[in-house]
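> Data: run29.txt, compact mmCIF, C-alpha atoms.
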# COMPACT_ATOMS: atom_id res chain seq x y z
CA MET A 1 97.83 111.17 99.55
CA SER A 2 94.26 110.06 99.86
CA PHE A 3 92.67 106.64 99.55
CA ARG A 4 89.00 106.01 98.83
CA GLU A 5 87.22 102.69 98.86
CA ILE A 6 84.81 102.88 95.92
CA VAL A 7 82.95 99.58 96.10
CA ARG A 8 83.22 96.26 97.91
CA ASP A 9 82.14 92.86 96.63
CA GLN A 10 79.16 91.73 98.70
CA SER A 11 80.38 88.15 99.05
CA ALA A 12 83.99 88.92 99.99
CA GLY A 13 86.31 91.56 101.38
CA ALA A 14 87.52 92.39 97.86
CA ARG A 15 87.34 96.11 97.14
CA ASN A 16 87.94 98.68 94.43
CA GLY A 17 89.63 101.88 95.45
CA GLU A 18 91.43 104.98 94.24
CA LEU A 19 94.82 105.97 95.57
CA ASP A 20 95.75 109.59 94.87
CA LEU A 21 99.49 110.19 94.86
CA SER A 22 101.73 113.03 93.73
CA HIS A 23 102.11 111.56 90.24
CA GLY A 24 98.49 110.65 89.61
CA THR A 25 95.65 108.38 90.66
CA VAL A 26 96.05 104.61 90.90
CA GLN A 27 93.07 102.26 90.57
CA THR A 28 93.14 99.38 93.06
CA PRO A 29 93.63 96.45 93.26
CA CYS A 30 96.82 97.40 91.44
CA PHE A 31 99.77 95.38 90.18
CA MET A 32 103.15 97.14 90.13
CA PRO A 33 105.77 95.82 87.69
CA VAL A 34 109.18 95.58 89.32
CA GLY A 35 111.76 98.08 88.10
CA THR A 36 114.54 97.29 90.55
CA ASN A 37 117.32 99.22 88.78
CA ALA A 38 115.25 102.17 87.51
CA THR A 39 113.96 100.09 84.62
CA VAL A 40 111.44 97.33 84.08
CA LYS A 41 113.64 94.80 82.33
CA ALA A 42 113.22 94.37 78.55
CA VAL A 43 110.63 97.13 78.06
CA THR A 44 110.77 100.89 77.57
CA VAL A 45 108.91 103.63 79.39
CA GLU A 46 106.87 104.04 76.21
CA ASP A 47 105.87 100.37 76.45
CA LEU A 48 104.77 100.86 80.06
CA GLU A 49 102.73 103.90 79.01
CA GLY A 50 101.08 101.81 76.30
CA LEU A 51 100.09 99.25 78.91
CA ARG A 52 98.54 102.06 80.99
CA ILE A 53 100.72 101.26 83.99
CA ARG A 54 100.49 103.99 86.61
CA MET A 55 102.86 102.75 89.32
CA ILE A 56 106.04 100.72 89.31
CA LEU A 57 108.38 99.50 92.05
CA GLY A 58 112.02 100.52 92.44
CA ASN A 59 114.55 99.40 95.01
CA ALA A 60 116.45 101.81 97.21
CA TYR A 61 119.11 99.22 98.11
CA HIS A 62 120.12 98.52 94.51
CA LEU A 63 119.96 102.18 93.47
CA TYR A 64 121.97 103.21 96.52
CA LEU A 65 124.75 100.83 95.44
CA ARG A 66 124.49 101.51 91.68
CA PRO A 67 124.51 104.09 90.17
CA GLY A 68 124.73 105.74 93.58
CA ILE A 69 122.37 108.20 95.15
CA GLU A 70 124.36 111.27 94.12
CA VAL A 71 124.02 110.38 90.44
CA ILE A 72 120.23 110.29 90.81
CA ARG A 73 120.23 113.48 92.87
CA GLU A 74 122.10 115.28 90.08
CA ALA A 75 119.52 114.00 87.59
CA GLY A 76 116.73 115.60 89.60
CA GLY A 77 115.34 112.43 91.16
CA LEU A 78 114.35 108.99 90.00
CA HIS A 79 111.39 110.11 87.87
CA ARG A 80 113.60 112.34 85.72
CA PHE A 81 116.49 109.89 85.74
CA MET A 82 114.33 107.19 84.11
CA ALA A 83 111.88 109.53 82.29
CA TRP A 84 108.88 108.11 84.17
CA LYS A 85 106.06 110.58 84.90
CA HIS A 86 103.84 108.30 86.98
CA ASN A 87 104.13 106.91 90.50
CA ILE A 88 107.02 104.98 92.01
CA LEU A 89 107.00 102.90 95.19
CA THR A 90 110.49 102.15 96.48
CA ASP A 91 111.30 99.18 98.66
CA SER A 92 113.77 100.03 101.41
CA GLY A 93 116.01 97.08 100.56
CA GLY A 94 115.54 95.27 103.86
CA PHE A 95 114.81 92.00 102.07
CA GLN A 96 117.84 92.38 99.79
CA ILE A 97 120.15 93.19 102.70
CA PHE A 98 119.10 90.05 104.52
CA SER A 99 119.01 87.80 101.44
CA LEU A 100 121.76 89.09 99.11
CA ALA A 101 124.43 90.66 101.30
CA PRO A 102 127.21 88.11 102.04
CA PHE A 103 127.64 89.58 105.49
CA ARG A 104 125.26 91.65 107.61
CA LYS A 105 125.09 92.54 111.25
CA ILE A 106 122.28 94.31 113.05
CA GLU A 107 123.62 97.09 115.23
CA GLY A 108 121.90 99.62 117.44
CA GLU A 109 121.88 102.27 114.75
CA GLY A 110 120.91 100.06 111.84
CA VAL A 111 122.33 97.22 109.79
CA PHE A 112 125.90 96.89 108.59
CA PHE A 113 126.32 94.84 105.43
CA ARG A 114 128.77 94.10 102.68
CA SER A 115 127.65 94.75 99.13
CA HIS A 116 126.82 91.68 97.07
CA ILE A 117 128.48 93.53 94.15
CA ASP A 118 131.97 94.38 95.39
CA GLY A 119 132.09 93.49 99.08
CA SER A 120 132.26 97.13 100.21
CA GLY A 121 130.93 97.84 103.69
CA HIS A 122 127.86 100.00 104.36
CA LEU A 123 125.84 101.02 107.38
CA LEU A 124 122.21 101.77 106.61
CA THR A 125 120.06 103.28 109.32
CA PRO A 126 116.30 103.81 109.25
CA GLU A 127 116.92 107.52 108.85
CA LYS A 128 119.40 107.07 105.99
CA ILE A 129 116.99 104.87 104.05
CA ILE A 130 114.27 107.53 104.35
CA GLU A 131 116.70 110.22 103.19
CA VAL A 132 117.74 108.05 100.23
CA GLN A 133 114.11 107.65 99.19
CA ARG A 134 113.52 111.39 99.58
CA ILE A 135 116.36 112.03 97.15
CA LEU A 136 114.88 109.44 94.81
CA GLY A 137 111.58 111.33 95.02
CA SER A 138 109.56 108.21 95.80
CA ASP A 139 105.78 108.56 95.86
CA ILE A 140 105.54 105.75 98.43
CA LEU A 141 108.47 105.03 100.75
CA MET A 142 109.07 101.84 102.71
CA PRO A 143 110.97 101.80 106.02
CA LEU A 144 113.91 99.58 106.88
CA ASP A 145 112.67 96.38 108.52
CA VAL A 146 114.08 93.04 109.66
CA CYS A 147 113.11 90.19 107.34
CA THR A 148 113.08 86.69 108.78
CA PRO A 149 112.95 83.32 106.98
CA PHE A 150 110.29 80.65 107.36
CA GLY A 151 110.80 78.18 110.21
CA ILE A 152 112.79 80.29 112.68
CA ALA A 153 112.30 80.07 116.46
CA LYS A 154 109.77 82.38 118.08
CA ARG A 155 112.47 84.09 120.14
CA GLU A 156 114.27 85.17 116.97
CA ALA A 157 111.00 86.27 115.37
CA ARG A 158 110.14 88.38 118.43
CA GLU A 159 113.53 90.10 118.33
CA ALA A 160 112.91 90.95 114.68
CA VAL A 161 109.49 92.44 115.51
CA ILE A 162 110.96 94.55 118.30
CA ARG A 163 113.70 95.85 116.02
CA THR A 164 111.27 96.45 113.13
CA SER A 165 108.98 98.46 115.42
CA GLU A 166 111.90 100.53 116.75
CA TRP A 167 113.08 101.25 113.22
CA ALA A 168 109.53 102.05 112.10
CA ALA A 169 109.21 104.70 114.82
CA ARG A 170 112.55 106.25 113.85
CA SER A 171 111.61 106.13 110.16
CA HIS A 172 108.29 107.83 110.83
CA ALA A 173 109.93 110.58 112.89
CA CYS A 174 112.53 111.17 110.16
CA TRP A 175 109.87 111.23 107.42
CA GLN A 176 107.72 113.68 109.39
CA ASN A 177 110.72 115.95 109.95
CA LEU A 178 111.52 115.93 106.23
CA MET A 179 107.89 116.74 105.40
CA ASP A 180 108.02 119.70 107.79
CA GLN A 181 111.31 120.98 106.34
CA ASP A 182 110.59 120.48 102.64
CA THR A 183 107.07 121.29 101.50
CA SER A 184 107.89 120.08 97.97
CA PHE A 185 108.43 116.55 99.24
CA LYS A 186 105.15 114.64 98.81
CA GLY A 187 106.24 111.03 99.38
CA LYS A 188 104.11 108.97 101.76
CA LEU A 189 105.50 106.42 104.19
CA PHE A 190 103.99 102.96 104.72
CA GLY A 191 104.64 100.68 107.67
CA ILE A 192 105.60 97.00 107.24
CA VAL A 193 103.98 94.39 109.48
CA GLN A 194 106.27 91.48 110.36
CA GLY A 195 105.97 88.67 112.92
CA ASN A 196 106.94 85.62 110.90
CA PHE A 197 104.35 82.82 111.34
CA PHE A 198 103.29 83.61 114.89
CA GLU A 199 99.82 85.12 115.18
CA ASP A 200 100.50 86.95 118.44
CA LEU A 201 103.66 88.54 116.99
CA ARG A 202 101.76 89.66 113.90
CA LYS A 203 99.18 91.27 116.18
CA GLU A 204 101.89 92.95 118.24
CA SER A 205 103.60 94.29 115.13
CA ALA A 206 100.35 95.59 113.61
CA GLN A 207 99.30 97.35 116.81
CA GLU A 208 102.64 99.11 117.20
CA LEU A 209 102.67 100.25 113.56
CA CYS A 210 99.05 101.42 113.57
CA ALA A 211 99.84 103.61 116.56
CA LEU A 212 102.29 105.53 114.36
CA ASP A 213 99.59 106.49 111.84
CA PHE A 214 101.39 105.53 108.65
CA ALA A 215 99.81 106.53 105.34
CA GLY A 216 99.37 102.85 104.46
CA PHE A 217 100.46 99.41 105.58
CA ALA A 218 102.39 96.58 103.96
CA ILE A 219 102.35 92.94 104.98
CA GLY A 220 105.82 91.44 104.77
CA GLY A 221 107.25 87.99 105.34
CA LEU A 222 104.65 85.88 103.54
CA SER A 223 105.05 83.42 100.64
CA VAL A 224 108.55 82.53 101.81
CA GLY A 225 108.21 78.74 101.91
CA GLU A 226 105.08 78.18 103.98
CA SER A 227 102.10 76.09 102.83
CA PHE A 228 99.19 77.80 101.11
CA GLU A 229 97.03 77.08 104.16
CA GLU A 230 99.56 78.80 106.44
CA PHE A 231 99.67 81.72 104.03
CA GLN A 232 95.85 81.98 104.08
CA GLU A 233 95.65 81.97 107.86
CA LEU A 234 98.38 84.53 108.52
CA LEU A 235 97.20 86.80 105.71
CA ARG A 236 93.62 86.80 106.99
CA THR A 237 94.73 87.38 110.58
CA THR A 238 97.06 90.24 109.65
CA ALA A 239 94.70 92.00 107.22
CA LEU A 240 91.98 92.16 109.87
CA LEU A 241 94.38 94.06 112.14
CA LEU A 242 94.90 96.89 109.64
CA PRO A 243 92.64 99.95 109.29
CA SER A 244 90.27 99.62 106.35
CA GLU A 245 90.45 103.33 105.50
CA LYS A 246 94.10 103.00 104.48
CA PRO A 247 95.69 101.13 101.56
CA ARG A 248 97.14 97.67 102.17
CA TYR A 249 100.09 96.28 100.27
CA LEU A 250 101.13 92.61 100.13
CA MET A 251 104.79 92.46 99.20
CA GLY A 252 106.18 90.12 96.56
CA ILE A 253 103.08 88.04 95.71
CA GLY A 254 102.48 87.08 92.07
CA THR A 255 100.65 83.78 91.48
CA PRO A 256 96.89 83.95 90.72
CA GLU A 257 95.79 81.75 93.63
CA TYR A 258 97.69 83.91 96.11
CA ILE A 259 96.52 87.14 94.47
CA PHE A 260 92.87 86.10 94.65
CA GLU A 261 93.26 85.18 98.32
CA ALA A 262 94.85 88.54 99.05
CA VAL A 263 92.25 90.58 97.14
CA GLU A 264 89.52 88.70 99.00
CA ASN A 265 91.12 89.90 102.23
CA GLY A 266 91.09 93.55 101.18
CA ILE A 267 94.63 93.89 99.81
CA ASP A 268 95.04 96.80 97.39
CA LEU A 269 98.64 96.79 96.09
CA PHE A 270 100.84 94.01 94.69
CA ASP A 271 104.27 93.61 93.16
CA CYS A 272 106.19 90.61 91.86
CA VAL A 273 109.02 89.81 89.44
CA LEU A 274 107.13 86.73 88.18
CA PRO A 275 105.73 88.10 84.88
CA THR A 276 108.98 89.75 83.76
CA ARG A 277 111.40 87.09 85.04
CA ASN A 278 109.32 84.26 83.61
CA ALA A 279 109.13 86.10 80.29
CA ARG A 280 112.92 86.22 80.03
CA ASN A 281 113.06 82.54 80.91
CA GLY A 282 110.51 81.64 78.22
CA THR A 283 107.49 80.89 80.41
CA LEU A 284 104.42 82.75 79.17
CA PHE A 285 100.99 83.19 80.73
CA THR A 286 97.93 82.67 78.53
CA SER A 287 94.17 82.34 78.94
CA LYS A 288 94.66 78.57 78.47
CA GLY A 289 97.50 78.24 80.97
CA LYS A 290 101.29 78.54 80.90
CA ILE A 291 103.31 77.98 77.74
CA VAL A 292 107.01 77.08 77.94
CA ILE A 293 108.00 78.43 74.56
CA LYS A 294 111.28 76.50 74.25
CA ASN A 295 109.37 73.21 73.90
CA LYS A 296 109.91 71.60 70.49
CA LYS A 297 106.17 71.18 69.92
CA TYR A 298 105.97 74.93 69.17
CA GLU A 299 108.64 74.78 66.45
CA ARG A 300 106.06 74.90 63.63
CA ASP A 301 103.10 76.26 65.57
CA GLN A 302 101.88 79.24 63.53
CA ARG A 303 99.15 80.21 65.97
CA PRO A 304 99.49 83.33 68.10
CA LEU A 305 100.67 82.79 71.64
CA ASP A 306 97.15 83.46 72.97
CA GLU A 307 94.27 83.87 70.53
CA GLU A 308 92.29 85.78 73.19
CA CYS A 309 95.05 88.32 73.83
CA SER A 310 95.20 91.76 72.20
CA CYS A 311 98.83 92.56 73.06
CA TYR A 312 101.36 93.55 70.38
CA THR A 313 103.12 90.18 70.61
CA CYS A 314 100.00 88.10 70.08
CA GLN A 315 98.68 90.34 67.32
CA ASN A 316 101.84 90.06 65.24
CA PHE A 317 103.88 86.94 65.97
CA SER A 318 103.47 83.18 66.06
CA ARG A 319 104.53 80.68 68.68
CA ALA A 320 107.01 79.31 66.14
CA TYR A 321 108.65 82.72 65.79
CA LEU A 322 108.77 83.30 69.57
CA ARG A 323 110.36 79.87 70.02
CA HIS A 324 112.91 80.68 67.31
CA LEU A 325 113.86 83.94 69.06
CA TYR A 326 114.19 82.21 72.43
CA GLU A 327 116.28 79.35 71.01
CA ARG A 328 118.61 81.83 69.27
CA GLN A 329 118.84 83.93 72.47
CA GLU A 330 117.75 87.02 70.58
CA ILE A 331 117.12 90.21 72.57
CA ASN A 332 113.69 90.46 70.96
CA SER A 333 112.69 87.26 72.74
CA SER A 334 112.83 88.98 76.13
CA ILE A 335 111.14 92.10 74.75
CA LEU A 336 108.18 90.38 73.09
CA ASN A 337 107.72 87.86 75.91
CA THR A 338 107.78 90.60 78.55
CA LEU A 339 105.28 92.74 76.66
CA HIS A 340 102.90 89.78 76.58
CA ASN A 341 103.30 88.75 80.23
CA LEU A 342 102.86 92.30 81.49
CA HIS A 343 99.77 92.73 79.30
CA PHE A 344 98.42 89.47 80.70
CA TYR A 345 98.91 90.63 84.31
CA LEU A 346 97.46 94.08 83.71
CA ASP A 347 94.44 92.50 82.01
CA PHE A 348 94.12 90.02 84.89
CA PHE A 349 93.95 92.86 87.42
CA SER A 350 91.51 94.77 85.22
CA LYS A 351 89.23 91.73 85.26
CA ILE A 352 89.52 91.56 89.05
CA ARG A 353 88.50 95.22 89.40
CA GLN A 354 85.60 94.71 86.98
CA SER A 355 84.43 91.61 88.86
CA ILE A 356 84.33 93.56 92.13
CA GLN A 357 82.28 96.29 90.49
CA SER A 358 79.79 93.73 89.15
CA ASN A 359 79.76 91.72 92.39
CA SER A 360 81.11 88.65 90.59
CA PHE A 361 84.54 88.33 92.21
CA GLN A 362 83.92 84.83 93.56
CA HIS A 363 82.80 83.63 90.14
CA LEU A 364 85.98 84.98 88.51
CA LYS A 365 88.15 83.48 91.24
CA CYS A 366 86.60 80.02 90.96
CA SER A 367 86.65 79.96 87.18
CA ILE A 368 90.35 80.89 86.88
CA ILE A 369 91.56 78.68 89.74
CA ASN A 370 89.57 75.70 88.44
CA LYS A 371 90.96 76.25 84.94
CA ASN A 372 94.50 76.29 86.32
CA LYS A 373 93.88 73.05 88.24
CA GLU A 374 92.54 71.33 85.13
CA GLU A 375 95.67 72.31 83.23
CA GLU A 376 97.94 70.97 85.96
Is it possible to give me this structure as structure tokens?

Amino acid sequence: MSFREIVRDQSAGARNGELDLSHGTVQTPCFMPVGTNATVKAVTVEDLEGLRIRMILGNAYHLYLRPGIEVIREAGGLHRFMAWKHNILTDSGGFQIFSLAPFRKIEGEGVFFRSHIDGSGHLLTPEKIIEVQRILGSDILMPLDVCTPFGIAKREAREAVIRTSEWAARSHACWQNLMDQDTSFKGKLFGIVQGNFFEDLRKESAQELCALDFAGFAIGGLSVGESFEEFQELLRTTALLLPSEKPRYLMGIGTPEYIFEAVENGIDLFDCVLPTRNARNGTLFTSKGKIVIKNKKYERDQRPLDEECSCYTCQNFSRAYLRHLYERQEINSSILNTLHNLHFYLDFFSKIRQSIQSNSFQHLKCSIINKNKEEE
């Protein structure tokens, strides 16, 4: 893997870059649609190709539980299993273990949890998670970390940082050993900075991870209930601690205001379920703001969803038809809505990259945020 910063906006830390991975080059800032279960819900691989998506996110926790890692091994890895020829970043599942599992207990070796599906017991260690992602054939791997909620005591946050750093070191050693043993394995391992909302703990976590020389760095534990001002401060503080020559990934962020703030602080990679989940729930993003398509006022609205959008949905169907599909709970509602929302997000990130190239990032940021405030 190699990462190159191509250009930086002169008025901000926003930057364009190129991330070369084993399944192709990714232009940054980049948005990764979430394909938790080896599929981006409601769209096909052909649809993703048509949107020119070059990296998606999968989840090792969910795939480990279903269909099971041996099924994917027999298929020849995750790329072949889902017929996806571009890059895949896999989340270790740390967040899911700590948020979904009905019971979990941190032990010396790793974390024991009971499946949210059938209650079966599992012990996942840092080494096992790396091995799972090797079998998946992930282009970017994430290590097992300890996720903490907003508002916990500093003592608990410190314990989580200590454990995350210990697991990061073990993950890195396991990954390096696998790289030495298997020259065909090209997946790159990122570190995850934690520390909750304590600046000194964030600094401690970043320093310990940077010493391990990961291929890139993720910032975890933000946008979990804190105010936007708290998010701004901790993001800025943490981003400054990470080496600029390596890619930076902000996990789970999807709203425009937060994305702009992150890009301005030099963040390169993003993922979020917002565009696909909202699409299935009938909330659609447009150049004029959000549209909740179930509203009765769209019952006879023959206009396209967004007259400025060139996606398949907007070029062929009216708001009235999309409302009809949603009201009737037709499968095509999720399909057409998801195609539009993904197109909107990919276009949004394209505009961000173009604005950095033309040194007009701040103008784009202000114009979109002000438009959103007017609509509210």
> When distances are computed from only C-alpha atoms, which of A:Ile162, A:Leu136, A:Val7, A:Val34 shows the smallest separation from Pro67 in chain A?
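The shortest atom-to-atom distance to Pro67 in chain A comes from A:Leu136.
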> Could you list, as a ChimeraX atom specification, every residue within 10 Å of Leu65 in chain A, counting only C-alpha atoms and ignoring same-chain residues fewer than 2 positions away?
/A:60-63,67-69,115-118,120,122
> Counting all atoms listed in the file, what is within 12 Å of Arg155 in chain A, bar same-chain residues fewer than 5 positions away, as a PyMOL selection string?
chain A and resi 148+160-162+195-196+198+201
> Only C-alpha atoms, please: the residues just picked out, written as a CSV table (one decimal), in the coordinates of the input.

chain,number,residue,atom,x,y,z
A,148,THR,CA,113.1,86.7,108.8
A,160,ALA,CA,112.9,91.0,114.7
A,161,VAL,CA,109.5,92.4,115.5
A,162,ILE,CA,111.0,94.6,118.3
A,195,GLY,CA,106.0,88.7,112.9
A,196,ASN,CA,106.9,85.6,110.9
A,198,PHE,CA,103.3,83.6,114.9
A,201,LEU,CA,103.7,88.5,117.0
> Pull the neighbourhood of (110.4, 107.7, 111.6) for me: all residues within 10 Å in file coordinates, counting all atoms listed in the file, as a list in words.
Pro126, Glu127, Ile130, Pro143, Glu166, Trp167, Ala168, Ala169, Arg170, Ser171, His172, Ala173, Cys174, Trp175, Gln176, Asn177, Leu178, Leu189, Gly191, Leu212 and Phe214 of chain A
> Would you tabulate, counting all atoms listed in the file, all residues of range 14-51 of chain A that have an atom at most 7 Å from an atom of range 77-87 of chain A, showing the closest pair of atoms and their distance in Å to one decimal, sorted by chain then ascending number, as JSON lines?

{"residue": "A:His23", "atom": "CA", "partner": "A:His86", "partner_atom": "CA", "distance": 4.9}
{"residue": "A:Gly24", "atom": "CA", "partner": "A:His86", "partner_atom": "CA", "distance": 6.4}
{"residue": "A:Ala38", "atom": "CA", "partner": "A:Met82", "partner_atom": "CA", "distance": 6.1}
{"residue": "A:Val45", "atom": "CA", "partner": "A:Trp84", "partner_atom": "CA", "distance": 6.6}
> So what do you get for CA of Asn59 in chain A versus CA of Asn37 in chain A, distance-wise?
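Answer for the CA of Asn59 in chain A to CA of Asn37 in chain A separation: 6.8 Å.
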> Could you check how far CA of Glu229 in chain A sits from CA of Phe190 in chain A, in Å to one decimal?
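It comes out at 26.8 Å.
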